[in-house]
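**Q** This is the structure I want to talk about, given as structure tokens.
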Amino acid sequence: MSHAVYNDGNEMDSEESNSDLELQEAFEAGKLKSGLNYAVTAAKTHINNKAQLKNKLDELRSPLDWVERLDLVNAPAALAPELMTEVTDDGGKIDVEDDFQRELLFYRQAQAAVLEGIIKLQSLSIPTKRPDDYFAQMAKSEDHMKKVREKLLSRKLKMELSEKAKKLRSLRKFGKKVQVEVQQKRQKEKKQLLDSVKKYRKGKPESLDFLEGDSKVQAKPTTSKKGSKLNPKRNFKNKKFGFGGQKKRSKYNTAESSSDMNNFSVKTHQQQSKRKTLANKNKKRPGKSKRNKSRKS
């Protein structure tokens with residue numbers, strides 16, 4: 001902080017010394033007099049040389065026809081009725097500091113020039129509207145437009161390449177998703193196949209249909225049939241431990257089993273009852289002496 005103050009002080013001292021030297025040089029040259037000195041601004045002299053101005057005006061005047069010059073000198077156009085109450089026209093004088101009045105005057109001047117110029121052009125038989133099949137000369141050169149076309153084509157190509165890249169990225173994401181789903185499906189099928197093989201080894205399924213590609217075959221418990229050739233060890237374990245599930249109360253009657261009459265046959269039951277009655281009729285109970293003898297023997 002102290003260093004900065006020291007530098008500022010040196011600058012102020014150097015400025016004061018320079019101003020003193022200038023004053024001394026001016027006093028030695030006789031430009032300053034003794035006493036109080038102060039700066040005096042020289043008075044402006046306005047020059048209005050009409051002759052030279054007229055000569056310059058004659059030089060600027062062009063000998064061309066009015067069609068080539070299209071210059072007009074006219075008064076501003078009349079104000080619109082809706083603007084008469086907002087803008088007061090005091091003898092053509094406006095407030096130059098008012099932006100709205102100034103711009104409105106420019107607009108009125110241009111409007112009056114257009115109205116007068118169109119009438120003058122029509123009187124000279126000059127068309128004021130462009131024909132439908134008119135081709136204007138291009139403001140840009142062919143080389144420049146060729147560069148512009150190349151730039152537009154390169155930009156279009158970049159856009160197409162970026163769109164293709166986006167599509168490829170989305171397809172890759174979708175392909176990865178499908179690949180994962182396929183792998184999961186294969187793992188699930190493999191697991192189901194291994195489970196089916198394990199169950200077949202234990203003797204639960206009867207056929208090898210699951211090896212033909214149908215992994216949804218449900219394993220059914222084996223039923224004892226005549227002529228079925230199974231491992232005797234497997235049969236013994238099946239009789240001892242069963243096929244899984246609930247073991248107790250498996251032969252209890254339920255509402256469904258009691259109402260199920262599909263396996264009931266009246267003929268077979270009647271024959272069995274008749275046989276029992278005939279057998280009971282043919283058999284006679286032995287006497288007491290015979291029964292005692294059979295007990296002692």
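Residue numbering restarts at 1 in every chain; chains get A, B, ... in the order shown in the structure tokens, and ligands count up from 1 in that same order.
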Neighbours of segment 91-104 of chain A within 10 Å (only C-alpha atoms; same-chain residues fewer than 4 positions away dropped), as a PyMOL selection string?

**A** chain A and resi 75-76+79+87+108-110

**Q** Tell me, in Å to one decimal, how far atom CA of Asn235 of chain A is from atom CA of Leu194 of chain A.

**A**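 For atom CA of Asn235 of chain A relative to atom CA of Leu194 of chain A, the distance reads 22.6 Å.
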